[in-house]
Structures are given as structure tokens and as C-alpha cells.
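One structure is given below, encoded as C-alpha cells.
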Amino acid sequence: MKVDIAVGLAWGDEGKGKCVYSLLRKNSYDIICKASGGPNAGHSFYHNGEKFATHHIPAGVFFNKKSLIGSGCLVYPLKLFEEIENLESRGIKVKDNLLISKNAHIITDAHIKEDRENNKVGSTGTGIMPAYRDKYARCGIRAQEADELKPFLYDQRELHYIDGSILIEGSQGYGLCPDGNNYPFVTSSPPTSTYALHSLGLPPRKVNNIYGISKIYDSYVGSKKFQPDGEIFKKIAEVGKEIGTTTGRRRQVNFLNINLLIEAIRANGVDALIVNKVDVLRQLEVWAVQINGTVVNFENEEEMKNYIEFNVYSVSPYIDTIFSDNPYEI
Ligand code: IMP
Ligand code: MG
């Protein structure tokens with residue numbers, strides 16, 4: 001068994017959907033698994049020339065591959081079924097391929113109500129915090145207790161017997177990790193490669209490649225102040241169409257934080273770094289990053305790419321860095 005993992009290195013919305021889709025096109029995985037998060041996530045990508053957005057459902061279904069929502073995930077059945085019907089009506093074979101771990105937890109209407117009423121961090125309002133709280137308070141409801149999910153239930157210990165390859169599709173991004181430095185402006189499940197393995201019950205020795213996904217600038221949705229003053233950040237948000245897939249909220253924007261990127265590469269054990277949306281900065285002819293609290297400007301694209309590669313090289317010379325435009329494939 002071999003396991004590949006794709007994780008977000010920033011604040012979510014780095015373009016994981018597009019990268020996972022690309023990996024699925026190029027490699028033949030036996031099963032695709034989501035390891036954490038729930039309907040707070042929003043992945044978007046192009047399939048046969050049409051734009052799709054998914055929340056619960058792993059991208060494997062687009063390739064007619066078994067796709068698991070793992071034990072570390074949350075499911076809101078009403079939205080899940082809406083998503084299934086929507087994808088099925090557009091020709092995607094979801095029902096034949098979707099598996100839900102018996103031990104995934106359920107989001108209830110009460111969770112959503114509570115999340116929306118008491119939303120200090122600017123959550124996605126999808127019930128994530130109360131549902132994970134109840135999981136750890138040992139009073140949660142699991143997928144195996146929801147009748148409507150019966151046709152999809154899966155014992156994820158079956159993964160141990162897969163004699164092939166597994167792709168784990170990460171959720172959110174490193175900056176939103178509840179064990180990290182941005183607490184309490186975080187989500188409630190760790191978005192790291194190590195937690196992905198843990199929650200799916202998979203051993204670290206089986207890991208083949210870890211893909212870290214980032215963007216050439218940072219964006220964040222939530223209630224802390226993130227975007228500095230200045231026209232340039234408004235322009236980046238506009239050109240980059242930085243609107244949340246899940247909430248439709250405008251994302252705040254800043255230059256790429258090199259310190260966070262490097263930390264995320266180290267913590268996740270990244271083998272290949274993908275830096276998305278280079279075309280956005282190209283269109284604006286602005287090339288800059290932030291490091292140690294100051295902004296570093298570059299003359300041109302080449303200089304900025306070299307700077308990023310140099311910093312990545314300092315972690316390990318064996319990490320590949322791939323720059324990518326949007327919405328093209330990697
Ligand atoms: P929650 O996960 O809905 O509780 O939201 C907590 C924080 O994480 C908020 O700042 C959200 O905007 C952010 N967040 C959660 N999921 C995503 C995501 O998939 N992309 C971007 N931000 C997210
Ligand atoms: Mg997203």
C-alpha cells in the first residue's frame with residue numbers, strides 16, 4: 001500500500017481542489033479519502049470544461065473511483081444529499097462510489113444554529129465547532145446512527161488491506177490548525193498530513209508523496225484583521241476572485257507569508273510544493289512576499305520565484321517547487 005497526501009499550507013483556498021483533480025488525472029489511485037473537516041470546505045475545479053464545487057464529497061467520484069469520507073470528518077446529511085443529487089444530475093457517479101466511515105460524526109441543525117449564533121472567529125457557519133465539541137465531549141452522533149447514511153457506511157479498517165494506492169485529500173490549511181499559533185482564529189480539526197494519517201488509521205511508513213499546496217499570495221476568511229491597508233490588496237482580491245466557495249464571503253488578502261509557508265512545509269513533511277495563481281500577480285505586475293514582519297519587493301516574476309525556491313531549498317534540496325497559473329492544471 002502507498003499513500004499520497006495533498007495538504008493546504010496556508011489558510012485554505014490554496015487550490016487544493018485543482019491539484020487533487022490533477023493528481024487523479026495523472027495517477028491511478030484505488031481510493032480517495034477525506035480525512036478531516038466537513039461542509040466548511042469548498043473545493044472547486046473544472047471537469048470536462050465545466051466548473052464544479054464540492055464540499056463533503058472527495059474528488060475521486062469524478063474519476064469513478066471509490067471515495068471515502070473518513071472518521072475524522074463531519075457530515076451534514078441534508079447538504080450531503082443535496083450535493084449528491086446535484087453531482088448525479090450533472091453525470092457524476094457519486095452513489096456508486098461514495099463511502100462514509102461509520103465513525104464520522106454528524107452535524108445537526110442545532111449545531112448549525114449554535115455555530116451561527118456564537119460566531120466570534122468568523123466561522124463558515126456550517127456547525128463545525130459544536131459538532132467537533134460534541135465528538136470530544138463523547139456525546140456526538142456518528143454516521144452509523146443516521147439511517148439515511150446506511151447505504152454508504154464503511155469500516156475504514158478496510159483501508160489496511162488495500163493493495164494499491166490511496167490519495168488523501170486535505171481540508172483547510174496549516175494556518176487554521178487548532179494546535180497552531182493562530183488560535184482561536186482556527187478551525188476545529190487539524191489540517192496536517194500527520195492528522196490525516198491518524199484520523200484514517202493509516203501508518204506513516206506507507207506514505208509515498210506529500211504534496212503541499214499554496215498560493216503566490218495569502219488569503220483568509222474570518223474575523224481577525226488580515227488584510228493590510230492599501231489598494232494593491234483590493235486589486236489582488238479582485239483579480240484573484242477571492243470569494244469563498246462555501247460562504248460567498250470576500251477573502252482578505254496579503255502578500256505570501258514566507259515564514260508560515262516554510263513552517264508548514266516542515267510540519268507537513270512536504271515533498272512537492274505547488275504554488276498556485278502566479279498569473280494573478282503577473283496581471284498586476286506586483287511581486288512581493290512578507291518575511292519576519294516586513295515586505296520584500298522583487299523586480300520581476302523570476303526574482304520572486306527564485307526567492308521562494310531558495311527558502312524552500314533551505315528546508316531540503318529534495319523538495320520540488322512547481323509554480324502554476326489559474327485555472328490551468330499543474
Ligand atoms: P469553521 O471551520 O467553519 O469553524 O471556521 C473557522 C475558521 O476557519 C474561519 O475563519 C473560516 O473562515 C475558516 N475556514 C474553515 N474552512 C475553510 C476553508 O475550507 N477555506 C477557508 N477558510 C476556512
Ligand atoms: Mg476552499
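Going through the C-alpha cells in order, the chains are called A, B, and so on, while each chain numbers its residues from 1 and the ligands are numbered from 1 in the order shown.
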Kindly provide, as an mmCIF file with C-alpha atoms, in the first residue's frame, all nucleotide and amino acid residues lying within 10 Å of ligand 2, counting only C-alpha atoms and all ligand atoms.
```cif
data_model
loop_
_atom_site.group_PDB
_atom_site.id
_atom_site.type_symbol
_atom_site.label_atom_id
_atom_site.label_comp_id
_atom_site.auth_asym_id
_atom_site.auth_seq_id
_atom_site.Cartn_x
_atom_site.Cartn_y
_atom_site.Cartn_z
ATOM 1 C CA GLY A 8 -3.085 23.084 2.300
ATOM 2 C CA TRP A 11 -5.409 29.420 5.113
ATOM 3 C CA GLY A 12 -7.450 27.067 2.966
ATOM 4 C CA ASP A 13 -8.428 28.058 -0.566
ATOM 5 C CA GLU A 14 -4.925 27.451 -1.885
ATOM 6 C CA GLY A 15 -6.288 25.491 -4.835
ATOM 7 C CA LYS A 16 -6.235 22.001 -3.321
ATOM 8 C CA GLY A 17 -9.268 21.039 -5.420
ATOM 9 C CA ASN A 40 -16.816 24.123 5.820
ATOM 10 C CA ALA A 41 -14.548 23.042 2.951
ATOM 11 C CA GLY A 42 -15.152 24.085 -0.619
ATOM 12 C CA HIS A 43 -13.146 22.654 -3.477
ATOM 13 C CA SER A 44 -13.600 23.910 -6.978
ATOM 14 C CA ALA A 53 -17.684 22.902 -6.456
ATOM 15 C CA THR A 54 -17.726 20.178 -3.813
ATOM 16 C CA HIS A 55 -17.952 20.373 -0.042
ATOM 17 C CA SER A 171 -9.051 20.107 4.066
ATOM 18 C CA GLN A 172 -8.426 23.724 5.091
ATOM 19 C CA GLY A 173 -4.799 24.817 5.567
ATOM 20 C CA ILE A 243 -14.693 34.956 -2.803
ATOM 21 C CA GLY A 244 -15.350 31.947 -0.515
ATOM 22 C CA THR A 245 -16.671 28.783 -2.249
ATOM 23 C CA THR A 246 -18.682 27.875 0.843
ATOM 24 C CA THR A 247 -19.812 31.210 2.261
#
```
Query raised in the report: Looking only at the backbone, which of the residues in stretch 90-277 of chain A does DSSP tag as strand (DSSP E), as a PyMOL selection string?
Result: chain A and resi 98-101+105-106+153-154+165-169+207-215+217-220+252-257+272-276
Report task. Show which residues sit within 9 Å of A:Leu24, as a ChimeraX atom specification. Count only C-alpha atoms, and ignore same-chain residues fewer than 3 positions away. Result -> /A:19-21,27-29,32,59-60,63,167
Residue selection dump (C-alpha atoms) as a tab-separated table (two decimals), in the first residue's frame:
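Output contents, as saved in selection30.tsv:
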```tsv
chain	number	residue	atom	x	y	z
A	19	CYS	CA	-4.30	19.96	-7.54
A	20	VAL	CA	-6.14	16.88	-6.28
A	21	TYR	CA	-8.04	16.76	-9.56
A	27	ASN	CA	-2.12	8.68	-11.30
A	28	SER	CA	-4.32	5.69	-10.78
A	29	TYR	CA	-5.38	5.71	-7.16
A	32	ILE	CA	-9.52	8.82	-2.42
A	59	ALA	CA	-12.93	14.46	-5.96
A	60	GLY	CA	-12.44	10.74	-6.65
A	63	PHE	CA	-13.00	9.62	-11.92
A	167	LEU	CA	-4.83	9.59	-2.11
```
Requested in this report: In Å, rounded to a single decimal, give me how far atom CA of A:Cys73 is from atom 2 (O, counted along the ligand's line) of ligand 1.
Outcome: 11.6 Å
Query raised in the report: Any idea what's packed within 12 Å of A:Asn48, counting only C-alpha atoms, ignoring anything in its chain fewer than 6 positions away? Could you give it as a PyMOL selection string?
Result: chain A and resi 21+25+62-63+90-92
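Near stretch 253-267 of chain A, within 6 Å and counting only C-alpha atoms, sit A:Leu9, A:Ile216, A:Tyr217, A:Asp218, A:Ser219, A:Gln227, A:Phe233, A:Gly269, A:Val270, A:Val289, A:Gln290, A:Ile291, not including residues fewer than 2 positions from it in the same chain.
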Contacts between stretch 106-111 of chain A and stretch 6-93 of chain A, please, where a residue of stretch 6-93 of chain A counts if it comes within 7 Å (with only C-alpha atoms); show its shortest atom pair and distance in Å to one decimal, rows by chain and ascending number, as CSV.
```
residue,atom,partner,partner_atom,distance
A:Leu74,CA,A:Ile106,CA,5.6
A:Val75,CA,A:Ile106,CA,4.9
A:Tyr76,CA,A:Ile107,CA,4.8
```
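All residues of protein, DNA or RNA that reach within 9 Å of stretch 201-210 of chain A, judged by only C-alpha atoms and not counting those fewer than 6 positions away in the chain, are Met1, Lys2, Val3, Asp4, Ile5, Ala6, Val7, Ser71, Gln156, Arg157, Leu159, His160, Ser193, Thr194, Asn268, Gly269, Val270, Asp271, Ala272 and Leu273 of chain A.
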Writer output for current selection, all heavy atoms, as a CSV table (one decimal), in the first residue's frame:
```csv
chain,number,residue,atom,x,y,z
A,1,MET,N,0.8,-1.2,0.0
A,1,MET,CA,0.0,0.0,0.0
A,1,MET,C,0.9,1.3,0.0
A,1,MET,O,1.9,1.3,0.7
A,1,MET,CB,-0.8,0.0,1.3
A,1,MET,CG,-1.8,1.2,1.4
A,1,MET,SD,-2.0,1.7,3.1
A,1,MET,CE,-2.8,0.4,3.8
A,2,LYS,N,0.5,2.2,-0.8
A,2,LYS,CA,1.2,3.5,-0.8
A,2,LYS,C,0.2,4.6,-0.6
A,2,LYS,O,-0.9,4.6,-1.2
A,2,LYS,CB,1.8,3.7,-2.2
A,2,LYS,CG,3.1,3.1,-2.4
A,2,LYS,CD,3.6,3.5,-3.8
A,2,LYS,CE,5.0,2.9,-4.0
A,2,LYS,NZ,5.5,3.2,-5.4
A,3,VAL,N,0.6,5.6,0.2
A,3,VAL,CA,-0.4,6.7,0.5
A,3,VAL,C,0.2,8.1,0.0
A,3,VAL,O,1.4,8.4,0.3
A,3,VAL,CB,-0.6,6.8,2.0
A,3,VAL,CG1,-1.6,7.9,2.3
A,3,VAL,CG2,-1.2,5.5,2.5
A,4,ASP,N,-0.5,8.8,-0.8
A,4,ASP,CA,-0.1,10.2,-1.1
A,4,ASP,C,-1.0,11.1,-0.4
A,4,ASP,O,-2.2,10.8,-0.2
A,4,ASP,CB,-0.3,10.5,-2.7
A,4,ASP,CG,0.9,9.8,-3.5
A,4,ASP,OD1,1.8,9.3,-2.9
A,4,ASP,OD2,0.8,9.9,-4.7
A,5,ILE,N,-0.5,12.2,0.0
A,5,ILE,CA,-1.3,13.2,0.8
A,5,ILE,C,-1.2,14.6,0.1
A,5,ILE,O,-0.1,15.0,-0.2
A,5,ILE,CB,-0.9,13.3,2.2
A,5,ILE,CG1,-0.7,11.9,2.9
A,5,ILE,CG2,-1.9,14.1,3.1
A,5,ILE,CD1,-0.2,11.9,4.3
A,6,ALA,N,-2.3,15.3,-0.1
A,6,ALA,CA,-2.3,16.7,-0.5
A,6,ALA,C,-2.8,17.5,0.6
A,6,ALA,O,-4.0,17.4,1.0
A,6,ALA,CB,-3.1,16.8,-1.8
A,7,VAL,N,-2.0,18.5,1.1
A,7,VAL,CA,-2.5,19.3,2.2
A,7,VAL,C,-2.3,20.8,1.8
A,7,VAL,O,-1.5,21.2,1.0
A,7,VAL,CB,-1.7,19.1,3.5
A,7,VAL,CG1,-2.2,17.8,4.2
A,7,VAL,CG2,-0.2,19.1,3.3
A,71,SER,N,-13.2,8.9,9.2
A,71,SER,CA,-13.7,9.1,10.6
A,71,SER,C,-13.5,10.4,11.2
A,71,SER,O,-14.2,10.9,12.1
A,71,SER,CB,-13.0,8.1,11.5
A,71,SER,OG,-13.4,6.7,11.2
A,156,GLN,N,-13.5,1.8,8.1
A,156,GLN,CA,-12.3,2.3,7.5
A,156,GLN,C,-11.1,1.4,7.8
A,156,GLN,O,-10.0,1.6,7.2
A,156,GLN,CB,-12.0,3.8,7.7
A,156,GLN,CG,-11.6,4.1,9.1
A,156,GLN,CD,-11.2,5.6,9.2
A,156,GLN,OE1,-11.7,6.5,8.5
A,156,GLN,NE2,-10.3,5.9,10.1
A,157,ARG,N,-11.3,0.4,8.7
A,157,ARG,CA,-10.2,-0.5,8.9
A,157,ARG,C,-9.9,-1.3,7.6
A,157,ARG,O,-8.8,-1.9,7.5
A,157,ARG,CB,-10.5,-1.4,10.1
A,157,ARG,CG,-10.4,-0.7,11.4
A,157,ARG,CD,-10.9,-1.5,12.6
A,157,ARG,NE,-12.3,-1.8,12.5
A,157,ARG,CZ,-13.0,-2.5,13.5
A,157,ARG,NH1,-12.4,-2.8,14.6
A,157,ARG,NH2,-14.3,-2.7,13.3
A,159,LEU,N,-9.2,-0.1,4.9
A,159,LEU,CA,-8.1,0.5,4.2
A,159,LEU,C,-6.8,-0.2,4.4
A,159,LEU,O,-6.0,-0.2,3.5
A,159,LEU,CB,-8.0,2.0,4.7
A,159,LEU,CG,-9.1,3.0,4.4
A,159,LEU,CD1,-8.8,4.3,5.0
A,159,LEU,CD2,-9.2,3.2,2.9
A,160,HIS,N,-6.7,-0.9,5.6
A,160,HIS,CA,-5.4,-1.6,5.8
A,160,HIS,C,-5.1,-2.7,4.8
A,160,HIS,O,-4.0,-3.1,4.7
A,160,HIS,CB,-5.5,-2.2,7.2
A,160,HIS,CG,-5.6,-1.2,8.3
A,160,HIS,ND1,-6.1,-1.6,9.6
A,160,HIS,CD2,-5.3,0.1,8.4
A,160,HIS,CE1,-6.1,-0.5,10.4
A,160,HIS,NE2,-5.6,0.5,9.6
A,193,SER,N,-0.8,16.7,7.4
A,193,SER,CA,-0.6,15.4,6.9
A,193,SER,C,-0.6,14.3,8.0
A,193,SER,O,-1.1,13.2,7.8
A,193,SER,CB,0.8,15.3,6.2
A,193,SER,OG,1.8,15.7,7.0
A,194,THR,N,0.0,14.7,9.2
A,194,THR,CA,0.0,13.7,10.3
A,194,THR,C,-1.4,13.4,10.8
A,194,THR,O,-1.7,12.2,11.1
A,194,THR,CB,0.9,14.2,11.4
A,194,THR,OG1,0.7,15.6,11.6
A,194,THR,CG2,2.4,14.0,11.0
A,268,ASN,N,4.5,19.5,7.7
A,268,ASN,CA,3.8,18.5,7.0
A,268,ASN,C,4.7,17.5,6.3
A,268,ASN,O,4.2,16.5,5.7
A,268,ASN,CB,2.9,19.2,5.9
A,268,ASN,CG,1.7,19.8,6.5
A,268,ASN,OD1,0.8,19.1,6.9
A,268,ASN,ND2,1.6,21.1,6.5
A,269,GLY,N,6.0,17.8,6.3
A,269,GLY,CA,6.9,16.9,5.6
A,269,GLY,C,6.7,16.9,4.1
A,269,GLY,O,6.8,15.9,3.4
A,270,VAL,N,6.6,18.1,3.5
A,270,VAL,CA,6.2,18.2,2.1
A,270,VAL,C,7.4,17.8,1.2
A,270,VAL,O,8.5,18.1,1.4
A,270,VAL,CB,5.9,19.7,1.8
A,270,VAL,CG1,5.8,20.0,0.3
A,270,VAL,CG2,4.5,20.1,2.5
A,271,ASP,N,7.0,17.0,0.2
A,271,ASP,CA,8.0,16.6,-0.9
A,271,ASP,C,7.9,17.4,-2.1
A,271,ASP,O,8.9,17.6,-2.8
A,271,ASP,CB,7.7,15.1,-1.3
A,271,ASP,CG,7.7,14.1,-0.2
A,271,ASP,OD1,8.8,14.0,0.4
A,271,ASP,OD2,6.7,13.5,0.1
A,272,ALA,N,6.7,17.9,-2.4
A,272,ALA,CA,6.5,18.7,-3.6
A,272,ALA,C,5.6,19.9,-3.2
A,272,ALA,O,4.5,19.7,-2.6
A,272,ALA,CB,5.9,17.9,-4.7
A,273,LEU,N,6.1,21.1,-3.5
A,273,LEU,CA,5.3,22.3,-3.2
A,273,LEU,C,4.7,22.8,-4.5
A,273,LEU,O,5.4,23.0,-5.5
A,273,LEU,CB,6.3,23.4,-2.7
A,273,LEU,CG,5.8,24.8,-2.6
A,273,LEU,CD1,4.7,24.9,-1.5
A,273,LEU,CD2,6.9,25.8,-2.3
```
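Taking only C-alpha atoms, the non-local environment of stretch 301-312 of chain A within 9 Å (same-chain residues fewer than 2 positions away omitted) comprises A:Ile258, A:Leu261, A:Ile262, A:Ile265, A:Leu273, A:Val278, A:Leu281, A:Arg282, A:Glu285, A:Val286, A:Trp287, A:Ala288, A:Val289, A:Asn297, A:Phe298, A:Glu299, A:Ser314, A:Val315, A:Ser316, A:Pro317, A:Ile319, A:Asp320, A:Thr321, A:Phe323.
For the residues A:Lys79, A:Arg133, A:Lys150, A:His47, ranking by smallest atom-to-atom distance to ligand 1 using only C-alpha atoms and all ligand atoms places A:Arg133 first.
From atom CA of A:Asp155 back to atom 8 (O, counted along the ligand's line) of ligand 1, the distance works out to 28.5 Å.
All residues in stretch 185-249 of chain A with a DSSP state of helix (DSSP H, G or I), computed from the backbone, read A:Ser193, A:Thr194, A:Tyr195, A:Ala196, A:Leu197, A:His198, A:Ser199, A:Leu200, A:Pro204, A:Arg205, A:Lys206, A:Glu231, A:Ile232, A:Phe233, A:Lys234, A:Lys235, A:Ile236, A:Ala237, A:Glu238, A:Val239.
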Would you save the residues from that selection as a PDB file, in the first residue's frame, using N, CA, C and O atoms?
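Final output, saved to again_25.pdb:
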```pdb
ATOM      1  N   SER A 193      -0.757  16.713   7.449  1.00  0.00           N
ATOM      2  CA  SER A 193      -0.562  15.368   6.887  1.00  0.00           C
ATOM      3  C   SER A 193      -0.598  14.319   8.001  1.00  0.00           C
ATOM      4  O   SER A 193      -1.123  13.218   7.814  1.00  0.00           O
ATOM      5  N   THR A 194      -0.038  14.673   9.161  1.00  0.00           N
ATOM      6  CA  THR A 194       0.026  13.689  10.251  1.00  0.00           C
ATOM      7  C   THR A 194      -1.370  13.397  10.807  1.00  0.00           C
ATOM      8  O   THR A 194      -1.703  12.243  11.100  1.00  0.00           O
ATOM      9  N   TYR A 195      -2.195  14.418  10.938  1.00  0.00           N
ATOM     10  CA  TYR A 195      -3.552  14.169  11.429  1.00  0.00           C
ATOM     11  C   TYR A 195      -4.365  13.396  10.389  1.00  0.00           C
ATOM     12  O   TYR A 195      -5.206  12.562  10.748  1.00  0.00           O
ATOM     13  N   ALA A 196      -4.091  13.659   9.130  1.00  0.00           N
ATOM     14  CA  ALA A 196      -4.818  12.946   8.072  1.00  0.00           C
ATOM     15  C   ALA A 196      -4.573  11.440   8.210  1.00  0.00           C
ATOM     16  O   ALA A 196      -5.502  10.630   8.148  1.00  0.00           O
ATOM     17  N   LEU A 197      -3.321  11.062   8.436  1.00  0.00           N
ATOM     18  CA  LEU A 197      -2.984   9.645   8.621  1.00  0.00           C
ATOM     19  C   LEU A 197      -3.656   9.100   9.878  1.00  0.00           C
ATOM     20  O   LEU A 197      -4.273   8.033   9.871  1.00  0.00           O
ATOM     21  N   HIS A 198      -3.512   9.857  10.940  1.00  0.00           N
ATOM     22  CA  HIS A 198      -4.086   9.438  12.222  1.00  0.00           C
ATOM     23  C   HIS A 198      -5.588   9.174  12.113  1.00  0.00           C
ATOM     24  O   HIS A 198      -6.084   8.131  12.534  1.00  0.00           O
ATOM     25  N   SER A 199      -6.295  10.128  11.539  1.00  0.00           N
ATOM     26  CA  SER A 199      -7.759  10.015  11.557  1.00  0.00           C
ATOM     27  C   SER A 199      -8.265   8.928  10.613  1.00  0.00           C
ATOM     28  O   SER A 199      -9.354   8.398  10.805  1.00  0.00           O
ATOM     29  N   LEU A 200      -7.453   8.591   9.616  1.00  0.00           N
ATOM     30  CA  LEU A 200      -7.847   7.491   8.726  1.00  0.00           C
ATOM     31  C   LEU A 200      -7.289   6.157   9.224  1.00  0.00           C
ATOM     32  O   LEU A 200      -7.536   5.103   8.625  1.00  0.00           O
ATOM     33  N   PRO A 204       2.357   5.957   9.165  1.00  0.00           N
ATOM     34  CA  PRO A 204       3.272   6.866   8.472  1.00  0.00           C
ATOM     35  C   PRO A 204       4.219   6.170   7.489  1.00  0.00           C
ATOM     36  O   PRO A 204       4.589   6.752   6.479  1.00  0.00           O
ATOM     37  N   ARG A 205       4.606   4.946   7.763  1.00  0.00           N
ATOM     38  CA  ARG A 205       5.559   4.257   6.878  1.00  0.00           C
ATOM     39  C   ARG A 205       5.030   4.023   5.468  1.00  0.00           C
ATOM     40  O   ARG A 205       5.790   3.742   4.566  1.00  0.00           O
ATOM     41  N   LYS A 206       3.741   4.099   5.311  1.00  0.00           N
ATOM     42  CA  LYS A 206       3.172   3.839   3.981  1.00  0.00           C
ATOM     43  C   LYS A 206       3.129   5.086   3.100  1.00  0.00           C
ATOM     44  O   LYS A 206       2.678   5.038   1.963  1.00  0.00           O
ATOM     45  N   GLU A 231      -4.401  49.811  -1.741  1.00  0.00           N
ATOM     46  CA  GLU A 231      -5.178  49.467  -2.944  1.00  0.00           C
ATOM     47  C   GLU A 231      -4.749  48.126  -3.533  1.00  0.00           C
ATOM     48  O   GLU A 231      -5.558  47.391  -4.066  1.00  0.00           O
ATOM     49  N   ILE A 232      -3.462  47.829  -3.418  1.00  0.00           N
ATOM     50  CA  ILE A 232      -2.940  46.637  -4.082  1.00  0.00           C
ATOM     51  C   ILE A 232      -3.633  45.363  -3.599  1.00  0.00           C
ATOM     52  O   ILE A 232      -3.908  44.453  -4.383  1.00  0.00           O
ATOM     53  N   PHE A 233      -3.960  45.332  -2.291  1.00  0.00           N
ATOM     54  CA  PHE A 233      -4.578  44.118  -1.752  1.00  0.00           C
ATOM     55  C   PHE A 233      -6.009  43.962  -2.273  1.00  0.00           C
ATOM     56  O   PHE A 233      -6.463  42.855  -2.540  1.00  0.00           O
ATOM     57  N   LYS A 234      -6.679  45.112  -2.434  1.00  0.00           N
ATOM     58  CA  LYS A 234      -8.031  45.071  -3.018  1.00  0.00           C
ATOM     59  C   LYS A 234      -7.954  44.555  -4.454  1.00  0.00           C
ATOM     60  O   LYS A 234      -8.796  43.783  -4.903  1.00  0.00           O
ATOM     61  N   LYS A 235      -6.912  44.992  -5.159  1.00  0.00           N
ATOM     62  CA  LYS A 235      -6.763  44.567  -6.558  1.00  0.00           C
ATOM     63  C   LYS A 235      -6.455  43.078  -6.660  1.00  0.00           C
ATOM     64  O   LYS A 235      -6.977  42.388  -7.535  1.00  0.00           O
ATOM     65  N   ILE A 236      -5.589  42.595  -5.766  1.00  0.00           N
ATOM     66  CA  ILE A 236      -5.263  41.158  -5.800  1.00  0.00           C
ATOM     67  C   ILE A 236      -6.541  40.346  -5.551  1.00  0.00           C
ATOM     68  O   ILE A 236      -6.817  39.374  -6.263  1.00  0.00           O
ATOM     69  N   ALA A 237      -7.329  40.777  -4.546  1.00  0.00           N
ATOM     70  CA  ALA A 237      -8.575  40.061  -4.236  1.00  0.00           C
ATOM     71  C   ALA A 237      -9.515  40.056  -5.432  1.00  0.00           C
ATOM     72  O   ALA A 237     -10.188  39.058  -5.716  1.00  0.00           O
ATOM     73  N   GLU A 238      -9.531  41.178  -6.158  1.00  0.00           N
ATOM     74  CA  GLU A 238     -10.432  41.307  -7.307  1.00  0.00           C
ATOM     75  C   GLU A 238      -9.975  40.429  -8.471  1.00  0.00           C
ATOM     76  O   GLU A 238     -10.732  39.621  -8.991  1.00  0.00           O
ATOM     77  N   VAL A 239      -8.702  40.569  -8.823  1.00  0.00           N
ATOM     78  CA  VAL A 239      -8.166  39.795  -9.957  1.00  0.00           C
ATOM     79  C   VAL A 239      -8.177  38.301  -9.620  1.00  0.00           C
ATOM     80  O   VAL A 239      -8.483  37.464 -10.464  1.00  0.00           O
TER      81      VAL A 239
END
```
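When only C-alpha atoms and all ligand atoms are used to measure the gap to ligand 1, the shortest distance among A:Gly127, A:Pro77, A:Gly70, A:Gly49 belongs to A:Gly127.
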